[in-house]
$ cat model_35.cif   # mmCIF, C-alpha atoms
data_upload
loop_
_atom_site.label_atom_id
_atom_site.label_comp_id
_atom_site.auth_asym_id
_atom_site.auth_seq_id
_atom_site.Cartn_x
_atom_site.Cartn_y
_atom_site.Cartn_z
CA MET Z 1 -0.90 18.93 -13.43
CA THR Z 2 0.29 16.66 -10.66
CA HIS Z 3 2.97 19.15 -9.66
CA GLU Z 4 0.39 21.95 -9.43
CA PHE Z 5 -1.90 19.83 -7.29
CA LYS Z 6 0.94 18.75 -5.00
CA THR Z 7 1.87 22.42 -4.49
CA ILE Z 8 -1.76 23.25 -3.69
CA PHE Z 9 -1.94 20.25 -1.35
CA ASN Z 10 1.17 21.28 0.60
CA THR Z 11 -0.01 24.89 0.82
CA ALA Z 12 -3.48 23.87 2.02
CA ILE Z 13 -1.98 21.63 4.70
CA SER Z 14 0.12 24.58 5.88
CA TYR Z 15 -2.99 26.79 6.01
CA GLN Z 16 -4.93 24.16 7.97
CA SER Z 17 -2.14 23.76 10.51
CA ASN Z 18 -2.30 27.54 11.08
CA GLY Z 19 -6.09 27.57 11.39
CA LYS Z 20 -6.72 29.24 8.01
CA SER Z 21 -9.56 28.35 5.68
CA CYS Z 22 -9.04 28.00 1.94
CA VAL Z 23 -11.10 27.63 -1.22
CA LEU Z 24 -10.15 25.50 -4.21
CA ALA Z 25 -11.00 26.78 -7.70
CA THR Z 26 -11.05 24.17 -10.48
CA VAL Z 27 -11.73 24.74 -14.16
CA VAL Z 28 -14.10 21.86 -14.89
CA HIS Z 29 -15.56 22.85 -18.27
CA LEU Z 30 -14.67 25.03 -21.23
CA GLU Z 31 -16.63 26.30 -24.21
CA GLY Z 32 -14.41 27.63 -26.98
CA SER Z 33 -10.71 28.32 -26.41
CA SER Z 34 -8.80 29.58 -23.41
CA TYR Z 35 -5.22 30.08 -22.23
CA ARG Z 36 -5.49 27.03 -19.96
CA LYS Z 37 -7.67 23.93 -20.07
CA PRO Z 38 -10.00 22.04 -17.69
CA GLY Z 39 -8.11 20.50 -14.79
CA VAL Z 40 -6.14 23.59 -13.80
CA ARG Z 41 -6.57 24.73 -10.21
CA MET Z 42 -5.76 27.53 -7.82
CA LEU Z 43 -6.02 27.86 -4.06
CA ILE Z 44 -7.28 30.97 -2.30
CA SER Z 45 -6.66 31.57 1.39
CA GLU Z 46 -9.06 33.52 3.58
CA ASP Z 47 -6.47 36.33 3.43
CA GLY Z 48 -6.72 36.43 -0.37
CA ASP Z 49 -3.36 34.79 -1.07
CA MET Z 50 -3.28 32.71 -4.25
CA THR Z 51 -1.43 29.50 -5.12
CA GLY Z 52 -1.56 28.33 -8.71
CA ALA Z 53 -3.56 29.90 -11.54
CA VAL Z 54 -6.53 29.15 -13.77
CA SER Z 55 -5.50 31.46 -16.61
CA GLY Z 56 -2.67 33.73 -17.70
CA GLY Z 57 -3.45 36.12 -14.85
CA CYS Z 58 -6.58 37.85 -16.11
CA VAL Z 59 -9.25 35.71 -14.40
CA GLU Z 60 -7.69 35.27 -10.98
CA SER Z 61 -8.89 38.50 -9.35
CA GLU Z 62 -12.51 37.65 -10.23
CA VAL Z 63 -12.06 34.15 -8.80
CA VAL Z 64 -10.74 35.60 -5.54
CA ARG Z 65 -13.69 38.00 -5.38
CA GLN Z 66 -16.28 35.27 -5.92
CA ALA Z 67 -14.53 32.92 -3.50
CA GLN Z 68 -15.30 35.25 -0.61
CA SER Z 69 -18.95 34.22 -0.58
CA VAL Z 70 -17.90 30.54 -0.46
CA PHE Z 71 -15.81 31.28 2.64
CA GLU Z 72 -18.91 32.81 4.23
CA SER Z 73 -21.52 30.23 3.18
CA GLY Z 74 -19.41 27.08 3.02
CA THR Z 75 -21.53 26.03 0.01
CA PRO Z 76 -19.85 25.11 -3.30
CA LYS Z 77 -20.39 27.58 -6.10
CA MET Z 78 -20.22 27.56 -9.88
CA MET Z 79 -18.91 30.66 -11.60
CA THR Z 80 -18.40 31.42 -15.27
CA TYR Z 81 -15.94 33.74 -16.91
CA ASP Z 82 -16.70 34.80 -20.46
CA GLY Z 83 -13.39 35.60 -22.12
CA ARG Z 84 -15.01 36.49 -25.43
CA TYR Z 85 -15.80 40.00 -24.27
CA ARG Z 86 -13.01 40.57 -21.78
CA LEU Z 87 -9.96 38.77 -23.19
CA GLY Z 88 -10.57 37.96 -26.81
CA CYS Z 89 -9.92 34.25 -26.02
CA GLU Z 90 -13.27 33.20 -27.54
CA GLY Z 91 -14.00 30.93 -24.59
CA ILE Z 92 -16.18 30.57 -21.51
CA LEU Z 93 -14.58 29.08 -18.38
CA TYR Z 94 -16.73 27.15 -15.89
CA ILE Z 95 -15.03 27.20 -12.51
CA LEU Z 96 -16.00 25.17 -9.45
CA LEU Z 97 -15.32 26.91 -6.11
CA GLU Z 98 -15.36 24.78 -2.95
CA LYS Z 99 -13.93 24.98 0.56
CA LEU Z 100 -11.03 22.63 1.02
CA ASP Z 101 -10.48 20.47 4.08
CA PHE Z 102 -7.96 17.63 3.95
CA ILE Z 103 -9.13 15.20 6.62
CA THR Z 104 -6.36 13.16 8.26
CA SER Z 105 -7.01 9.97 6.29
CA LEU Z 106 -6.96 11.78 2.94
CA LYS Z 107 -3.84 13.72 3.89
CA GLU Z 108 -2.02 10.52 4.77
CA GLU Z 109 -3.16 8.71 1.62
CA LEU Z 110 -2.07 11.59 -0.64
CA GLN Z 111 1.30 11.85 1.07
CA THR Z 112 1.78 8.12 0.52
CA ALA Z 113 0.72 8.42 -3.13
CA PHE Z 114 3.23 11.20 -3.77
CA SER Z 115 6.12 9.48 -2.00
CA ARG Z 116 5.48 6.05 -3.54
CA ARG Z 117 4.72 7.46 -7.01
CA LYS Z 118 1.18 6.06 -7.07
CA PRO Z 119 -1.44 7.51 -9.45
CA PHE Z 120 -4.83 8.70 -8.23
CA ILE Z 121 -7.96 10.26 -9.74
CA ILE Z 122 -9.76 13.49 -8.90
CA HIS Z 123 -13.47 13.61 -9.79
CA SER Z 124 -15.28 16.96 -9.81
CA GLU Z 125 -19.07 16.94 -10.00
CA TYR Z 126 -20.60 20.20 -11.20
CA LEU Z 127 -23.50 21.94 -12.94
CA LEU Z 128 -23.31 24.52 -15.71
CA GLU Z 129 -25.73 26.84 -13.88
CA GLU Z 130 -24.05 29.65 -11.96
CA GLY Z 131 -24.66 29.93 -8.25
CA TYR Z 132 -24.55 27.79 -5.12
CA HIS Z 133 -25.25 24.06 -5.24
CA GLU Z 134 -25.20 21.69 -2.28
CA ASN Z 135 -24.67 18.60 -4.42
CA ILE Z 136 -21.47 19.56 -6.29
CA GLY Z 137 -17.84 19.20 -5.29
CA SER Z 138 -14.71 17.12 -5.75
CA HIS Z 139 -13.43 13.87 -4.33
CA VAL Z 140 -10.25 11.82 -4.69
CA ASN Z 141 -10.07 8.15 -5.63
CA ILE Z 142 -6.94 6.44 -4.27
CA ASP Z 143 -6.84 2.66 -4.66
CA SER Z 144 -10.66 2.65 -4.91
CA GLN Z 145 -11.02 4.59 -1.66
CA ILE Z 146 -13.11 7.75 -2.04
CA PHE Z 147 -12.32 10.92 -0.07
CA PRO Z 148 -14.24 14.22 -0.49
CA LEU Z 149 -11.93 17.24 -0.73
CA SER Z 150 -14.30 19.27 1.39
CA GLY Z 151 -14.14 16.72 4.19
CA GLN Z 152 -17.92 16.26 3.90
CA GLU Z 153 -20.05 14.00 1.73
CA PHE Z 154 -22.50 15.66 -0.66
CA SER Z 155 -25.72 14.42 -2.28
CA HIS Z 156 -26.15 13.63 -5.99
CA GLN Z 157 -29.83 14.51 -6.44
CA GLU Z 158 -29.49 16.80 -9.47
CA SER Z 159 -27.34 14.40 -11.57
CA PRO Z 160 -24.41 16.77 -12.01
CA LEU Z 161 -21.82 16.57 -14.75
CA THR Z 162 -18.45 15.01 -13.95
CA PHE Z 163 -14.90 16.02 -14.81
CA SER Z 164 -12.34 13.31 -14.03
CA GLN Z 165 -8.59 13.72 -14.08
CA GLU Z 166 -5.98 11.05 -13.53
CA MET Z 167 -2.97 12.36 -11.63
CA ALA Z 168 0.09 10.41 -12.71
CA PRO Z 169 3.20 10.28 -10.52
CA LEU Z 170 5.28 13.43 -10.73
CA PHE Z 171 7.53 13.35 -13.75
CA GLN Z 172 10.98 12.32 -12.59
CA LEU Z 173 14.37 13.24 -14.04
CA ILE Z 174 17.42 11.26 -13.01
CA ILE Z 175 20.66 13.02 -13.92
CA ILE Z 176 23.67 10.72 -13.84
CA GLY Z 177 26.58 13.07 -13.41
CA ALA Z 178 27.35 16.00 -11.16
CA GLU Z 179 29.36 18.50 -13.20
CA HIS Z 180 28.42 22.11 -14.00
CA ASP Z 181 26.13 21.19 -16.90
CA ALA Z 182 24.20 18.81 -14.61
CA VAL Z 183 23.51 21.77 -12.31
CA GLN Z 184 22.00 23.72 -15.22
CA LEU Z 185 19.83 20.79 -16.31
CA CYS Z 186 18.68 20.26 -12.72
CA THR Z 187 17.72 23.93 -12.36
CA ALA Z 188 15.78 24.00 -15.63
CA ALA Z 189 13.90 20.76 -14.86
CA SER Z 190 12.97 21.85 -11.33
CA LEU Z 191 11.34 24.99 -12.74
CA LEU Z 192 8.92 22.67 -14.56
CA GLY Z 193 8.04 20.95 -11.30
CA TRP Z 194 9.88 17.74 -12.16
CA GLU Z 195 11.33 15.69 -9.33
CA VAL Z 196 15.08 15.71 -9.93
CA THR Z 197 17.51 13.13 -8.56
CA ILE Z 198 21.26 13.54 -8.99
CA ILE Z 199 23.49 10.48 -9.22
CA ASP Z 200 27.02 11.35 -8.11
CA SER Z 201 30.19 9.34 -7.64
CA PRO Z 202 30.83 8.13 -4.08
CA LYS Z 203 34.54 8.83 -4.64
CA ASP Z 204 34.15 12.61 -4.82
CA PRO Z 205 30.69 13.29 -3.40
CA LYS Z 206 28.94 16.64 -3.77
CA GLY Z 207 26.10 17.86 -1.56
CA LEU Z 208 22.46 18.60 -2.33
CA ILE Z 209 23.22 22.28 -1.76
CA ASN Z 210 25.15 22.25 -5.05
CA PHE Z 211 22.01 21.40 -7.04
CA PRO Z 212 19.19 23.96 -6.63
CA GLY Z 213 15.77 22.36 -7.05
CA ALA Z 214 16.93 18.74 -6.71
CA LYS Z 215 14.91 16.39 -4.53
CA GLU Z 216 17.89 14.24 -3.57
CA ILE Z 217 21.45 13.34 -4.45
CA ILE Z 218 22.55 9.71 -4.40
CA HIS Z 219 26.21 8.71 -4.28
CA LEU Z 220 26.09 5.57 -6.35
CA ASP Z 221 28.49 3.25 -8.08
CA PRO Z 222 27.34 2.15 -11.60
CA THR Z 223 27.14 -1.48 -10.48
CA HIS Z 224 24.21 -0.52 -8.23
CA ALA Z 225 22.33 1.57 -10.81
CA SER Z 226 19.85 -1.28 -11.32
CA GLU Z 227 18.50 -0.45 -7.85
CA LEU Z 228 17.19 2.95 -9.00
CA THR Z 229 13.41 3.42 -9.15
CA ILE Z 230 12.76 4.05 -12.84
CA ASP Z 231 9.24 3.92 -14.28
CA ALA Z 232 7.23 5.13 -17.26
CA GLU Z 233 7.27 8.68 -15.84
CA THR Z 234 11.07 8.81 -15.57
CA ALA Z 235 13.64 10.40 -17.87
CA VAL Z 236 17.32 9.58 -17.44
CA VAL Z 237 20.16 11.72 -18.77
CA LEU Z 238 23.64 10.24 -18.72
CA MET Z 239 26.26 13.00 -18.44
CA THR Z 240 29.19 11.80 -16.34
CA HIS Z 241 31.83 13.07 -18.81
CA SER Z 242 33.56 9.71 -18.34
CA TYR Z 243 33.44 7.17 -21.16
CA SER Z 244 34.03 4.21 -18.84
CA GLN Z 245 31.40 5.39 -16.36
CA ASP Z 246 28.84 5.95 -19.11
CA LEU Z 247 29.50 2.44 -20.40
CA LYS Z 248 29.04 0.90 -16.94
CA PHE Z 249 25.80 2.82 -16.34
CA LEU Z 250 24.43 1.77 -19.73
CA MET Z 251 25.19 -1.84 -18.88
CA ALA Z 252 23.28 -1.49 -15.60
CA LEU Z 253 20.29 0.31 -17.16
CA GLN Z 254 19.60 -2.04 -20.07
CA GLU Z 255 16.86 -3.93 -18.19
CA LYS Z 256 15.01 -0.77 -17.08
CA GLN Z 257 11.75 0.48 -18.61
CA PHE Z 258 12.41 4.21 -18.75
CA PHE Z 259 10.45 6.94 -20.53
CA TYR Z 260 13.55 8.60 -21.99
CA LEU Z 261 17.27 7.91 -21.91
CA GLY Z 262 19.52 10.70 -23.14
CA LEU Z 263 23.24 10.48 -23.70
CA LEU Z 264 25.51 13.51 -23.72
CA GLY Z 265 28.33 13.61 -26.25
CA ALA Z 266 29.01 13.39 -29.97
CA LYS Z 267 27.60 10.75 -32.33
CA ARG Z 268 31.03 9.17 -32.77
CA ARG Z 269 31.27 8.69 -29.00
CA ARG Z 270 27.76 7.22 -28.93
CA GLU Z 271 28.59 4.71 -31.69
CA LYS Z 272 31.75 3.66 -29.87
CA LEU Z 273 29.71 3.08 -26.68
CA PHE Z 274 27.12 1.06 -28.57
CA ASN Z 275 29.74 -1.13 -30.24
CA GLU Z 276 31.42 -1.86 -26.93
CA LEU Z 277 28.06 -2.62 -25.31
CA ILE Z 278 27.34 -5.20 -27.99
CA ASP Z 279 30.80 -6.71 -27.54
CA LEU Z 280 30.20 -7.03 -23.80
CA ASN Z 281 26.68 -8.37 -24.27
CA PRO Z 282 26.11 -10.01 -27.67
CA GLU Z 283 22.52 -10.79 -26.60
CA LEU Z 284 21.75 -7.11 -26.03
CA ASP Z 285 18.24 -6.15 -27.18
CA THR Z 286 18.66 -3.66 -30.02
CA ASP Z 287 15.42 -1.96 -28.90
CA PHE Z 288 17.42 -0.66 -25.93
CA LEU Z 289 19.95 1.02 -28.22
CA ASN Z 290 17.25 2.39 -30.53
CA ALA Z 291 15.48 3.98 -27.54
CA ILE Z 292 18.54 6.04 -26.55
CA PHE Z 293 18.58 9.70 -27.58
CA GLY Z 294 22.18 10.57 -28.28
CA PRO Z 295 23.31 13.21 -28.60
CA ALA Z 296 20.52 14.28 -26.24
CA GLY Z 297 18.50 17.39 -27.10
CA ILE Z 298 16.89 19.07 -30.10
CA ASP Z 299 18.90 21.10 -32.59
CA ILE Z 300 18.66 24.73 -31.49
CA GLY Z 301 22.35 25.50 -31.88
CA SER Z 302 23.10 25.04 -28.18
CA VAL Z 303 26.62 25.82 -27.02
CA THR Z 304 26.56 26.81 -23.35
CA PRO Z 305 25.51 24.45 -20.52
CA GLN Z 306 22.35 26.52 -20.05
CA GLU Z 307 21.43 26.21 -23.74
CA ILE Z 308 22.18 22.49 -23.77
CA ALA Z 309 19.89 22.07 -20.75
CA ILE Z 310 17.07 23.83 -22.63
CA ALA Z 311 17.65 21.62 -25.69
CA ILE Z 312 17.43 18.43 -23.60
CA ILE Z 313 14.38 19.61 -21.64
CA SER Z 314 12.69 20.57 -24.93
CA GLU Z 315 13.31 17.13 -26.42
CA ILE Z 316 11.84 15.39 -23.37
CA LEU Z 317 8.79 17.69 -23.42
CA ALA Z 318 8.24 17.11 -27.14
CA ILE Z 319 8.26 13.34 -26.60
CA LYS Z 320 5.99 13.63 -23.54
CA ASN Z 321 3.50 15.67 -25.55
CA HIS Z 322 3.80 13.56 -28.73
CA ARG Z 323 5.18 16.44 -30.76
CA GLU Z 324 7.93 17.08 -33.26
CA ALA Z 325 9.75 20.28 -32.42
CA PHE Z 326 9.26 23.12 -34.89
CA SER Z 327 8.10 26.73 -34.77
CA LEU Z 328 4.52 27.44 -33.72
CA ARG Z 329 4.31 30.08 -36.42
CA ASN Z 330 4.10 27.22 -38.94
CA LYS Z 331 0.97 25.81 -37.28
CA SER Z 332 -2.59 26.94 -37.96
CA ARG Z 333 -3.48 26.69 -34.26
CA ILE Z 334 -1.64 25.97 -31.00
CA HIS Z 335 -3.86 23.18 -29.64
CA ALA Z 336 -5.58 20.40 -31.55
#

$ encode --input "model_35.cif" --output "structure tokens"
Amino acid sequence: MTHEFKTIFNTAISYQSNGKSCVLATVVHLEGSSYRKPGVRMLISEDGDMTGAVSGGCVESEVVRQAQSVFESGTPKMMTYDGRYRLGCEGILYILLEKLDFITSLKEELQTAFSRRKPFIIHSEYLLEEGYHENIGSHVNIDSQIFPLSGQEFSHQESPLTFSQEMAPLFQLIIIGAEHDAVQLCTAASLLGWEVTIIDSPKDPKGLINFPGAKEIIHLDPTHASELTIDAETAVVLMTHSYSQDLKFLMALQEKQFFYLGLLGAKRRREKLFNELIDLNPELDTDFLNAIFGPAGIDIGSVTPQEIAIAIISEILAIKNHREAFSLRNKSRIHA
């Protein structure tokens, strides 16, 4: 969700700098089931260009059509889309449409939040009745500072409903290693909107151009790995293809609180690394070893670098979503 909002934010800033108006569409309420859930957003420019989506592609044209009156009136609008008769999704979407205007202070605060990996909250106040309402709209809470997305305050006379969404820092993947398989993992992760950082050896440095989708490449010796910014929204995959380098990086990372730490290579190699780690540090917390996923990835029979990347990405996603990986055909329904 954070990645989608950041994309919308950057696109809206570009529109504003070019003198273009835009409308934000947010799914704030759902009755029944739908392809996507409350909290999804899309941006519509005055030219009809779309960024993001609120469904699988079937609702968007109606959203664009109804957004035109919001461009003209400037008043927020509630629209509903009944998928029971049009899509067979058995759900009714309630979508808030509002003109978007990032005032300078909000723009600066959001840019700081993204760069410093700070969470923030988006509150959307709405009514279930279709039509225009002066007292509905969205605002952002950053460090207890409130900023309306429309750039204008609105009243709260009709006691609207509220949809609140915490936007965590963008999920971050740190890939330690810069061989061909690291390129494939970087590419796959960037397609999910993850922020990807490549850690490469300073002895034979590669450039960012070699890693499509990466945010940055850092030429780092293992002894300085403790300086990396690793938080609860960070996955680390160790794939240097060097036993000694992997060992040094593991030594440097043992005090970090990461979300996921994956280790490329066979189980026998992993056990050898663990034994040597314990020899080097007899006081090593065994929780650190138990938290390492090695070999990294779920068992889908991966052989090629591309397949291995998918297996690792799938394992991280399953853990993020509190799932055990198995076929959806064995489940009675997709979502709880």

$ resolve_selection --input "model_35.cif" --expression "the PyMOL selection byres ((chain Z and resi 133-148) around 9)" --output "PyMOL selection string"
chain Z and resi 75-78+96-98+101-103+105-106+109-110+113+118-127+130-132+149-161

$ write_last_selection --input "model_35.cif" --atoms "C-alpha atoms" --output "tab-separated table (two decimals), keeping the file's coordinate frame"
chain	number	residue	atom	x	y	z
Z	75	THR	CA	-21.53	26.03	0.01
Z	76	PRO	CA	-19.85	25.11	-3.30
Z	77	LYS	CA	-20.39	27.58	-6.10
Z	78	MET	CA	-20.22	27.56	-9.88
Z	96	LEU	CA	-16.00	25.17	-9.45
Z	97	LEU	CA	-15.32	26.91	-6.11
Z	98	GLU	CA	-15.36	24.78	-2.95
Z	101	ASP	CA	-10.48	20.47	4.08
Z	102	PHE	CA	-7.96	17.63	3.95
Z	103	ILE	CA	-9.13	15.20	6.62
Z	105	SER	CA	-7.01	9.97	6.29
Z	106	LEU	CA	-6.96	11.78	2.94
Z	109	GLU	CA	-3.16	8.71	1.62
Z	110	LEU	CA	-2.07	11.59	-0.64
Z	113	ALA	CA	0.72	8.42	-3.13
Z	118	LYS	CA	1.18	6.06	-7.07
Z	119	PRO	CA	-1.44	7.51	-9.45
Z	120	PHE	CA	-4.83	8.70	-8.23
Z	121	ILE	CA	-7.96	10.26	-9.74
Z	122	ILE	CA	-9.76	13.49	-8.90
Z	123	HIS	CA	-13.47	13.61	-9.79
Z	124	SER	CA	-15.28	16.96	-9.81
Z	125	GLU	CA	-19.07	16.94	-10.00
Z	126	TYR	CA	-20.60	20.20	-11.20
Z	127	LEU	CA	-23.50	21.94	-12.94
Z	130	GLU	CA	-24.05	29.65	-11.96
Z	131	GLY	CA	-24.66	29.93	-8.25
Z	132	TYR	CA	-24.55	27.79	-5.12
Z	149	LEU	CA	-11.93	17.24	-0.73
Z	150	SER	CA	-14.30	19.27	1.39
Z	151	GLY	CA	-14.14	16.72	4.19
Z	152	GLN	CA	-17.92	16.26	3.90
Z	153	GLU	CA	-20.05	14.00	1.73
Z	154	PHE	CA	-22.50	15.66	-0.66
Z	155	SER	CA	-25.72	14.42	-2.28
Z	156	HIS	CA	-26.15	13.63	-5.99
Z	157	GLN	CA	-29.83	14.51	-6.44
Z	158	GLU	CA	-29.49	16.80	-9.47
Z	159	SER	CA	-27.34	14.40	-11.57
Z	160	PRO	CA	-24.41	16.77	-12.01
Z	161	LEU	CA	-21.82	16.57	-14.75

$ atom_distance --input "model_35.cif" --atom1 "atom CA of Pro202 of chain Z" --atom2 "atom CA of Leu173 of chain Z"
19.9 Å

$ residues_around --input "model_35.cif" --residues "segment 280-289 of chain Z" --least-positions-apart "2" --cutoff "12 Å" --atoms "only C-alpha atoms" --output "number ranges by chain"
Z: 247-248, 250-263, 270-271, 273-278, 291-294

$ write_last_selection --input "model_35.cif" --atoms "C-alpha atoms" --output "compact mmCIF listing (two decimals), in the frame of the given file"
# COMPACT_ATOMS: atom_id res chain seq x y z
CA LEU Z 247 29.50 2.44 -20.40
CA LYS Z 248 29.04 0.90 -16.94
CA LEU Z 250 24.43 1.77 -19.73
CA MET Z 251 25.19 -1.84 -18.88
CA ALA Z 252 23.28 -1.49 -15.60
CA LEU Z 253 20.29 0.31 -17.16
CA GLN Z 254 19.60 -2.04 -20.07
CA GLU Z 255 16.86 -3.93 -18.19
CA LYS Z 256 15.01 -0.77 -17.08
CA GLN Z 257 11.75 0.48 -18.61
CA PHE Z 258 12.41 4.21 -18.75
CA PHE Z 259 10.45 6.94 -20.53
CA TYR Z 260 13.55 8.60 -21.99
CA LEU Z 261 17.27 7.91 -21.91
CA GLY Z 262 19.52 10.70 -23.14
CA LEU Z 263 23.24 10.48 -23.70
CA ARG Z 270 27.76 7.22 -28.93
CA GLU Z 271 28.59 4.71 -31.69
CA LEU Z 273 29.71 3.08 -26.68
CA PHE Z 274 27.12 1.06 -28.57
CA ASN Z 275 29.74 -1.13 -30.24
CA GLU Z 276 31.42 -1.86 -26.93
CA LEU Z 277 28.06 -2.62 -25.31
CA ILE Z 278 27.34 -5.20 -27.99
CA ALA Z 291 15.48 3.98 -27.54
CA ILE Z 292 18.54 6.04 -26.55
CA PHE Z 293 18.58 9.70 -27.58
CA GLY Z 294 22.18 10.57 -28.28

$ resolve_selection --input "model_35.cif" --expression "the PyMOL selection byres ((chain Z and resi 49) around 12)" --output "ChimeraX atom specification"
/Z:8,11-12,15,20-24,42-48,50-53,60-61,63-65,67-68

$ atom_distance --input "model_35.cif" --atom1 "atom CA of Ile92 of chain Z" --atom2 "atom CA of Glu31 of chain Z"
5.1 Å
